[in-house]
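Participant: Submitted below is the structure of interest, expressed as C-alpha cells.
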Amino acid sequence: MSQEIWINLPVKDVERSTTFFNEIGFHAESVGNERAKLAIGQTTILLFPDATFEKFTGSKKADTSQSAEVIFSIGAESREEVDAFIQKVELAGGSIFSKPSENDSWMYGAAFADLDGHRWNLLYMDESKLPKR
C-alpha cells in the first residue's frame, strides 16, 4: 500500500483559492479548469469545486460557517515564522480565529480559516522546554 495521502477539499472558487494559498506562501497550481493542487511539504491537497467534491463523495460538504470538519496543523521553525505567516493570511483575506500566543510554555501558535472556512493552525514547538515526564 502506498504511504501517500491526498487530502481533498471543496472550495467555492478554485482560482480564488489557488491565489489565496499562493499569497500565504504555499505552492498551489491549477490542474485544468476544475481543480488545483496544493503542496505543503510532502502533503498534497487537491482543491475541487463544491459540486465536484459532493459528486465523488456522495454527500454534501460540511457547512464550515456552522462547524469545523477538521483542522490542519502545520509545523513552524520559529515564533517569528508563525507571526509572519499569520500576517500573510490576514493580508490574503483569511480570518484569524486564534491570534499568535504561547501555550503550555513550550508551544507557540496561531489559527486561521481559509476563504472557504477550512481551519488551519501553525505551531512552533520548542522541545527544549517540553515538560519532562
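The chains in the C-alpha cells are called A, B, ... from first to last as shown; in each chain the residues are counted from 1, and the ligands are counted from 1 in the order shown.
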Using only C-alpha atoms, determine which residues lie at most 8 Å from Ile71 (chain A), disregarding the query and same-chain residues fewer than 3 positions distant; provide the list as a ChimeraX atom specification.
Facilitator: /A:68,118-121
Participant: Env of Leu91 (chain A): 12 Å cut, atoms = only C-alpha atoms, seq-sep filter 6 positions within chain, self excluded. Answer as a list in words.
Facilitator: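 Counting only the stated atoms, we get Phe20, Phe21, Glu23, Ile24, Gly25, Ala84, Phe85 and Asp114 of chain A.
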Participant: Can you pull out every residue within 12 Å of region 31-45 of chain A, counting only C-alpha atoms, but drop anything in the same chain fewer than 6 positions away, and send it as a ChimeraX atom specification?
Facilitator: /A:3-22,24-25,51-53,72-76
Participant: Quick check, in Å to one decimal: how far apart do CA of Glu90 (chain A) and CA of Glu77 (chain A) lie?
Facilitator: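 The value is 20.0 Å.
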Participant: Would you give me, as a PyMOL selection string, the residues in region 15-129 of chain A that DSSP reads as alpha helix (DSSP H)?
Facilitator: chain A and resi 15-23+50-57+79-92
Participant: Let's have the selection written as a compact mmCIF listing (two decimals), in the first residue's frame, with N, CA, C and O atoms.
Facilitator:
# COMPACT_ATOMS: atom_id res chain seq x y z
N GLU A 15 -9.96 29.07 -8.58
CA GLU A 15 -8.97 30.09 -8.94
C GLU A 15 -8.67 31.03 -7.77
O GLU A 15 -7.52 31.32 -7.47
N ARG A 16 -9.71 31.48 -7.11
CA ARG A 16 -9.54 32.39 -5.97
C ARG A 16 -8.80 31.69 -4.82
O ARG A 16 -7.92 32.27 -4.19
N SER A 17 -9.12 30.44 -4.55
CA SER A 17 -8.44 29.68 -3.50
C SER A 17 -6.98 29.44 -3.86
O SER A 17 -6.10 29.53 -2.99
N THR A 18 -6.70 29.15 -5.13
CA THR A 18 -5.32 28.97 -5.57
C THR A 18 -4.51 30.24 -5.32
O THR A 18 -3.40 30.18 -4.79
N THR A 19 -5.08 31.38 -5.65
CA THR A 19 -4.41 32.66 -5.41
C THR A 19 -4.17 32.86 -3.92
O THR A 19 -3.07 33.25 -3.50
N PHE A 20 -5.18 32.61 -3.09
CA PHE A 20 -5.05 32.77 -1.64
C PHE A 20 -3.89 31.94 -1.10
O PHE A 20 -3.03 32.44 -0.38
N PHE A 21 -3.84 30.66 -1.44
CA PHE A 21 -2.80 29.79 -0.90
C PHE A 21 -1.41 30.18 -1.39
O PHE A 21 -0.44 30.10 -0.64
N ASN A 22 -1.31 30.65 -2.61
CA ASN A 22 -0.01 31.15 -3.08
C ASN A 22 0.39 32.42 -2.32
O ASN A 22 1.56 32.59 -1.97
N GLU A 23 -0.56 33.28 -2.04
CA GLU A 23 -0.26 34.53 -1.31
C GLU A 23 0.21 34.28 0.11
O GLU A 23 0.97 35.06 0.66
N ASP A 50 -17.13 22.76 -5.13
CA ASP A 50 -18.09 22.11 -4.23
C ASP A 50 -18.86 20.99 -4.92
O ASP A 50 -18.96 19.87 -4.39
N ALA A 51 -19.42 21.26 -6.08
CA ALA A 51 -20.27 20.27 -6.77
C ALA A 51 -19.48 19.02 -7.15
O ALA A 51 -20.00 17.90 -7.01
N THR A 52 -18.25 19.17 -7.60
CA THR A 52 -17.41 18.03 -7.94
C THR A 52 -17.12 17.20 -6.70
O THR A 52 -17.21 15.97 -6.71
N PHE A 53 -16.77 17.88 -5.61
CA PHE A 53 -16.48 17.21 -4.34
C PHE A 53 -17.70 16.40 -3.88
O PHE A 53 -17.58 15.25 -3.49
N GLU A 54 -18.87 17.03 -3.92
CA GLU A 54 -20.09 16.36 -3.48
C GLU A 54 -20.41 15.16 -4.37
O GLU A 54 -20.88 14.13 -3.88
N LYS A 55 -20.11 15.26 -5.66
CA LYS A 55 -20.39 14.16 -6.59
C LYS A 55 -19.54 12.94 -6.25
O LYS A 55 -20.06 11.83 -6.15
N PHE A 56 -18.23 13.11 -6.04
CA PHE A 56 -17.44 11.92 -5.79
C PHE A 56 -17.43 11.46 -4.34
O PHE A 56 -17.05 10.33 -4.06
N THR A 57 -17.91 12.27 -3.41
CA THR A 57 -18.04 11.79 -2.02
C THR A 57 -19.43 11.23 -1.75
O THR A 57 -19.62 10.51 -0.77
N ARG A 79 8.92 31.17 16.32
CA ARG A 79 7.80 32.05 16.67
C ARG A 79 7.64 33.12 15.60
O ARG A 79 6.51 33.48 15.23
N GLU A 80 8.77 33.62 15.09
CA GLU A 80 8.73 34.67 14.06
C GLU A 80 8.05 34.17 12.79
O GLU A 80 7.32 34.92 12.13
N GLU A 81 8.27 32.90 12.46
CA GLU A 81 7.61 32.33 11.28
C GLU A 81 6.10 32.30 11.48
O GLU A 81 5.34 32.61 10.55
N VAL A 82 5.65 31.95 12.67
CA VAL A 82 4.21 31.95 12.98
C VAL A 82 3.65 33.35 12.78
O VAL A 82 2.64 33.54 12.09
N ASP A 83 4.31 34.35 13.37
CA ASP A 83 3.82 35.73 13.27
C ASP A 83 3.77 36.22 11.82
O ASP A 83 2.76 36.80 11.39
N ALA A 84 4.83 35.98 11.05
CA ALA A 84 4.88 36.43 9.66
C ALA A 84 3.83 35.72 8.81
O ALA A 84 3.18 36.34 7.96
N PHE A 85 3.63 34.44 9.06
CA PHE A 85 2.65 33.66 8.30
C PHE A 85 1.24 34.20 8.55
O PHE A 85 0.46 34.38 7.61
N ILE A 86 0.92 34.46 9.80
CA ILE A 86 -0.42 34.94 10.14
C ILE A 86 -0.66 36.32 9.52
O ILE A 86 -1.78 36.61 9.07
N GLN A 87 0.36 37.14 9.44
CA GLN A 87 0.21 38.44 8.76
C GLN A 87 -0.13 38.23 7.28
O GLN A 87 -0.98 38.92 6.73
N LYS A 88 0.53 37.26 6.63
CA LYS A 88 0.23 36.95 5.23
C LYS A 88 -1.23 36.50 5.07
O LYS A 88 -1.90 36.87 4.12
N VAL A 89 -1.68 35.66 6.01
CA VAL A 89 -3.05 35.15 5.96
C VAL A 89 -4.04 36.32 6.03
O VAL A 89 -5.00 36.39 5.25
N GLU A 90 -3.81 37.24 6.96
CA GLU A 90 -4.70 38.41 7.09
C GLU A 90 -4.72 39.23 5.82
O GLU A 90 -5.79 39.62 5.34
N LEU A 91 -3.55 39.49 5.24
CA LEU A 91 -3.47 40.29 4.01
C LEU A 91 -4.14 39.59 2.83
O LEU A 91 -4.68 40.25 1.95
N ALA A 92 -4.12 38.26 2.82
CA ALA A 92 -4.70 37.50 1.71
C ALA A 92 -6.21 37.29 1.86
O ALA A 92 -6.86 36.76 0.97
Participant: Could you give me, as a short mmCIF file (atom, residue, chain, number, x, y, z; two decimals) with all heavy atoms, in the first residue's frame, the residues within 9 Å of Tyr108 (chain A), counting only C-alpha atoms and dropping anything in the same chain fewer than 2 positions from it?
Facilitator:
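Result went into out-v2.cif, see below:
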data_model
loop_
_atom_site.label_atom_id
_atom_site.label_comp_id
_atom_site.auth_asym_id
_atom_site.auth_seq_id
_atom_site.Cartn_x
_atom_site.Cartn_y
_atom_site.Cartn_z
N SER A 78 9.92 28.67 13.87
CA SER A 78 10.17 29.68 14.91
C SER A 78 8.88 30.44 15.22
O SER A 78 7.92 30.39 14.46
CB SER A 78 11.23 30.68 14.43
OG SER A 78 10.71 31.45 13.35
N ARG A 79 8.92 31.17 16.32
CA ARG A 79 7.80 32.05 16.67
C ARG A 79 7.64 33.12 15.60
O ARG A 79 6.51 33.48 15.23
CB ARG A 79 8.07 32.71 18.03
CG ARG A 79 8.13 31.73 19.18
CD ARG A 79 8.70 32.37 20.44
NE ARG A 79 7.79 33.34 21.02
CZ ARG A 79 7.03 33.12 22.08
NH1 ARG A 79 7.08 31.97 22.71
NH2 ARG A 79 6.23 34.06 22.53
N VAL A 82 5.65 31.95 12.67
CA VAL A 82 4.21 31.95 12.98
C VAL A 82 3.65 33.35 12.78
O VAL A 82 2.64 33.54 12.09
CB VAL A 82 3.94 31.45 14.42
CG1 VAL A 82 2.48 31.67 14.79
CG2 VAL A 82 4.32 29.99 14.56
N PRO A 100 -1.67 34.73 17.43
CA PRO A 100 -0.44 34.11 17.93
C PRO A 100 -0.34 34.22 19.45
O PRO A 100 -0.53 35.29 20.02
CB PRO A 100 0.67 34.91 17.25
CG PRO A 100 0.04 35.40 15.98
CD PRO A 100 -1.39 35.69 16.36
N SER A 101 -0.06 33.08 20.08
CA SER A 101 0.07 33.05 21.54
C SER A 101 0.83 31.81 21.97
O SER A 101 0.97 30.86 21.22
CB SER A 101 -1.31 33.08 22.21
OG SER A 101 -2.04 31.92 21.88
N GLU A 102 1.31 31.88 23.21
CA GLU A 102 2.03 30.76 23.80
C GLU A 102 1.05 29.84 24.51
O GLU A 102 0.08 30.30 25.10
CB GLU A 102 3.07 31.29 24.79
CG GLU A 102 4.06 30.25 25.23
CD GLU A 102 5.20 30.86 26.02
OE1 GLU A 102 6.06 31.50 25.39
OE2 GLU A 102 5.18 30.70 27.25
N ASN A 103 1.35 28.54 24.47
CA ASN A 103 0.51 27.56 25.14
C ASN A 103 1.41 26.59 25.87
O ASN A 103 2.32 26.00 25.28
CB ASN A 103 -0.36 26.84 24.10
CG ASN A 103 -1.37 25.92 24.73
OD1 ASN A 103 -1.54 25.88 25.94
ND2 ASN A 103 -2.06 25.18 23.89
N ASP A 104 1.19 26.40 27.15
CA ASP A 104 1.96 25.46 27.97
C ASP A 104 3.45 25.76 28.01
O ASP A 104 4.25 24.85 28.21
CB ASP A 104 1.74 24.01 27.51
CG ASP A 104 0.33 23.52 27.76
OD1 ASP A 104 -0.33 24.04 28.68
OD2 ASP A 104 -0.12 22.63 27.01
N SER A 105 3.86 26.96 27.79
CA SER A 105 5.24 27.46 27.85
C SER A 105 6.21 26.85 26.84
O SER A 105 7.36 27.23 26.79
CB SER A 105 5.81 27.33 29.28
OG SER A 105 6.17 26.01 29.56
N TRP A 106 5.76 25.91 26.00
CA TRP A 106 6.66 25.34 25.00
C TRP A 106 6.09 25.32 23.58
O TRP A 106 6.79 25.00 22.63
CB TRP A 106 7.10 23.93 25.42
CG TRP A 106 5.98 22.92 25.47
CD1 TRP A 106 5.09 22.75 26.48
CD2 TRP A 106 5.65 21.97 24.47
NE1 TRP A 106 4.21 21.74 26.16
CE2 TRP A 106 4.54 21.23 24.94
CE3 TRP A 106 6.19 21.65 23.22
CZ2 TRP A 106 3.96 20.22 24.21
CZ3 TRP A 106 5.60 20.62 22.50
CH2 TRP A 106 4.50 19.92 22.99
N ALA A 110 -0.85 29.90 16.16
CA ALA A 110 -2.00 30.72 15.78
C ALA A 110 -2.85 29.88 14.83
O ALA A 110 -2.38 28.90 14.25
CB ALA A 110 -1.55 32.00 15.10
N LEU A 122 -0.82 26.90 12.74
CA LEU A 122 0.62 26.85 12.58
C LEU A 122 1.20 26.82 13.97
O LEU A 122 0.83 27.65 14.82
CB LEU A 122 1.08 28.09 11.81
CG LEU A 122 2.51 28.07 11.30
CD1 LEU A 122 2.66 26.99 10.21
CD2 LEU A 122 2.89 29.41 10.73
N LEU A 123 2.09 25.85 14.23
CA LEU A 123 2.63 25.67 15.57
C LEU A 123 4.15 25.60 15.55
O LEU A 123 4.74 24.87 14.75
CB LEU A 123 2.12 24.36 16.19
CG LEU A 123 0.65 24.24 16.47
CD1 LEU A 123 0.29 22.81 16.84
CD2 LEU A 123 0.25 25.19 17.59
N TYR A 124 4.75 26.36 16.47
CA TYR A 124 6.18 26.21 16.74
C TYR A 124 6.27 25.53 18.10
O TYR A 124 5.65 25.98 19.07
CB TYR A 124 6.88 27.57 16.78
CG TYR A 124 8.26 27.48 17.38
CD1 TYR A 124 9.26 26.75 16.74
CD2 TYR A 124 8.54 28.07 18.60
CE1 TYR A 124 10.52 26.63 17.31
CE2 TYR A 124 9.80 27.96 19.18
CZ TYR A 124 10.78 27.23 18.52
OH TYR A 124 12.02 27.10 19.09
N MET A 125 7.03 24.43 18.16
CA MET A 125 7.18 23.70 19.42
C MET A 125 8.65 23.72 19.83
O MET A 125 9.50 23.19 19.11
CB MET A 125 6.68 22.27 19.26
CG MET A 125 5.18 22.22 19.02
SD MET A 125 4.56 20.57 18.75
CE MET A 125 4.56 20.52 16.96
N ASP A 126 8.92 24.36 20.95
CA ASP A 126 10.28 24.44 21.49
C ASP A 126 10.48 23.22 22.39
O ASP A 126 10.12 23.23 23.56
CB ASP A 126 10.47 25.74 22.28
CG ASP A 126 11.90 25.92 22.76
OD1 ASP A 126 12.68 24.93 22.75
OD2 ASP A 126 12.23 27.04 23.17
#
Participant: What's the separation between CA of Gly58 (chain A) and CA of Ala28 (chain A), in Å to one decimal place?
Facilitator: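 About the pair CA of Gly58 (chain A) and CA of Ala28 (chain A): they are 26.0 Å apart.
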Participant: Could you pull out the strand (DSSP E) residues of region 57-114 of chain A, going by DSSP on the backbone, and write them as JSON, numbers by chain?
Facilitator: {"A": [71, 72, 73, 74, 75, 95, 96, 97, 98, 99, 100, 101, 102, 103, 107, 108, 109, 110, 111, 112, 113]}
Participant: Write the residues of the selection above to a file with N, CA and C atoms, as a PDB file, in the first residue's frame.
Facilitator:
ATOM      1  N   ILE A  71      -9.083  20.266  11.375  1.00  0.00           N
ATOM      2  CA  ILE A  71      -8.113  21.361  11.431  1.00  0.00           C
ATOM      3  C   ILE A  71      -6.783  20.789  10.957  1.00  0.00           C
ATOM      4  N   PHE A  72      -6.152  21.486  10.039  1.00  0.00           N
ATOM      5  CA  PHE A  72      -4.862  21.080   9.507  1.00  0.00           C
ATOM      6  C   PHE A  72      -3.780  21.781  10.322  1.00  0.00           C
ATOM      7  N   SER A  73      -2.856  21.023  10.895  1.00  0.00           N
ATOM      8  CA  SER A  73      -1.782  21.594  11.695  1.00  0.00           C
ATOM      9  C   SER A  73      -0.476  21.512  10.923  1.00  0.00           C
ATOM     10  N   ILE A  74       0.246  22.621  10.923  1.00  0.00           N
ATOM     11  CA  ILE A  74       1.495  22.724  10.180  1.00  0.00           C
ATOM     12  C   ILE A  74       2.579  23.177  11.148  1.00  0.00           C
ATOM     13  N   GLY A  75       3.722  22.530  11.093  1.00  0.00           N
ATOM     14  CA  GLY A  75       4.836  22.895  11.953  1.00  0.00           C
ATOM     15  C   GLY A  75       5.561  24.127  11.438  1.00  0.00           C
ATOM     16  N   SER A  95      -9.319  34.505   7.766  1.00  0.00           N
ATOM     17  CA  SER A  95      -9.762  35.059   9.045  1.00  0.00           C
ATOM     18  C   SER A  95      -9.040  34.339  10.179  1.00  0.00           C
ATOM     19  N   ILE A  96      -8.484  35.129  11.085  1.00  0.00           N
ATOM     20  CA  ILE A  96      -7.731  34.609  12.220  1.00  0.00           C
ATOM     21  C   ILE A  96      -8.721  34.339  13.354  1.00  0.00           C
ATOM     22  N   PHE A  97      -8.770  33.095  13.826  1.00  0.00           N
ATOM     23  CA  PHE A  97      -9.664  32.817  14.952  1.00  0.00           C
ATOM     24  C   PHE A  97      -8.891  32.533  16.233  1.00  0.00           C
ATOM     25  N   SER A  98      -7.578  32.460  16.140  1.00  0.00           N
ATOM     26  CA  SER A  98      -6.733  32.341  17.329  1.00  0.00           C
ATOM     27  C   SER A  98      -5.429  33.072  17.037  1.00  0.00           C
ATOM     28  N   LYS A  99      -5.281  34.244  17.625  1.00  0.00           N
ATOM     29  CA  LYS A  99      -4.092  35.064  17.388  1.00  0.00           C
ATOM     30  C   LYS A  99      -2.859  34.372  17.953  1.00  0.00           C
ATOM     31  N   PRO A 100      -1.668  34.729  17.434  1.00  0.00           N
ATOM     32  CA  PRO A 100      -0.442  34.108  17.931  1.00  0.00           C
ATOM     33  C   PRO A 100      -0.340  34.217  19.453  1.00  0.00           C
ATOM     34  N   SER A 101      -0.062  33.080  20.079  1.00  0.00           N
ATOM     35  CA  SER A 101       0.066  33.052  21.540  1.00  0.00           C
ATOM     36  C   SER A 101       0.834  31.815  21.966  1.00  0.00           C
ATOM     37  N   GLU A 102       1.310  31.876  23.211  1.00  0.00           N
ATOM     38  CA  GLU A 102       2.032  30.762  23.800  1.00  0.00           C
ATOM     39  C   GLU A 102       1.051  29.841  24.513  1.00  0.00           C
ATOM     40  N   ASN A 103       1.348  28.540  24.469  1.00  0.00           N
ATOM     41  CA  ASN A 103       0.506  27.563  25.138  1.00  0.00           C
ATOM     42  C   ASN A 103       1.414  26.587  25.874  1.00  0.00           C
ATOM     43  N   MET A 107       4.823  25.714  23.450  1.00  0.00           N
ATOM     44  CA  MET A 107       4.205  25.796  22.123  1.00  0.00           C
ATOM     45  C   MET A 107       3.792  27.238  21.850  1.00  0.00           C
ATOM     46  N   TYR A 108       3.970  27.648  20.614  1.00  0.00           N
ATOM     47  CA  TYR A 108       3.554  28.980  20.188  1.00  0.00           C
ATOM     48  C   TYR A 108       2.850  28.789  18.857  1.00  0.00           C
ATOM     49  N   GLY A 109       1.637  29.307  18.740  1.00  0.00           N
ATOM     50  CA  GLY A 109       0.916  29.087  17.506  1.00  0.00           C
ATOM     51  C   GLY A 109      -0.221  30.056  17.290  1.00  0.00           C
ATOM     52  N   ALA A 110      -0.853  29.902  16.161  1.00  0.00           N
ATOM     53  CA  ALA A 110      -1.999  30.716  15.778  1.00  0.00           C
ATOM     54  C   ALA A 110      -2.854  29.885  14.826  1.00  0.00           C
ATOM     55  N   ALA A 111      -4.119  30.280  14.673  1.00  0.00           N
ATOM     56  CA  ALA A 111      -5.015  29.512  13.816  1.00  0.00           C
ATOM     57  C   ALA A 111      -5.863  30.439  12.952  1.00  0.00           C
ATOM     58  N   PHE A 112      -6.211  29.943  11.771  1.00  0.00           N
ATOM     59  CA  PHE A 112      -6.972  30.745  10.820  1.00  0.00           C
ATOM     60  C   PHE A 112      -7.917  29.866  10.015  1.00  0.00           C
ATOM     61  N   ALA A 113      -8.884  30.522   9.392  1.00  0.00           N
ATOM     62  CA  ALA A 113      -9.769  29.870   8.431  1.00  0.00           C
ATOM     63  C   ALA A 113      -9.443  30.424   7.052  1.00  0.00           C
TER      64      ALA A 113
END
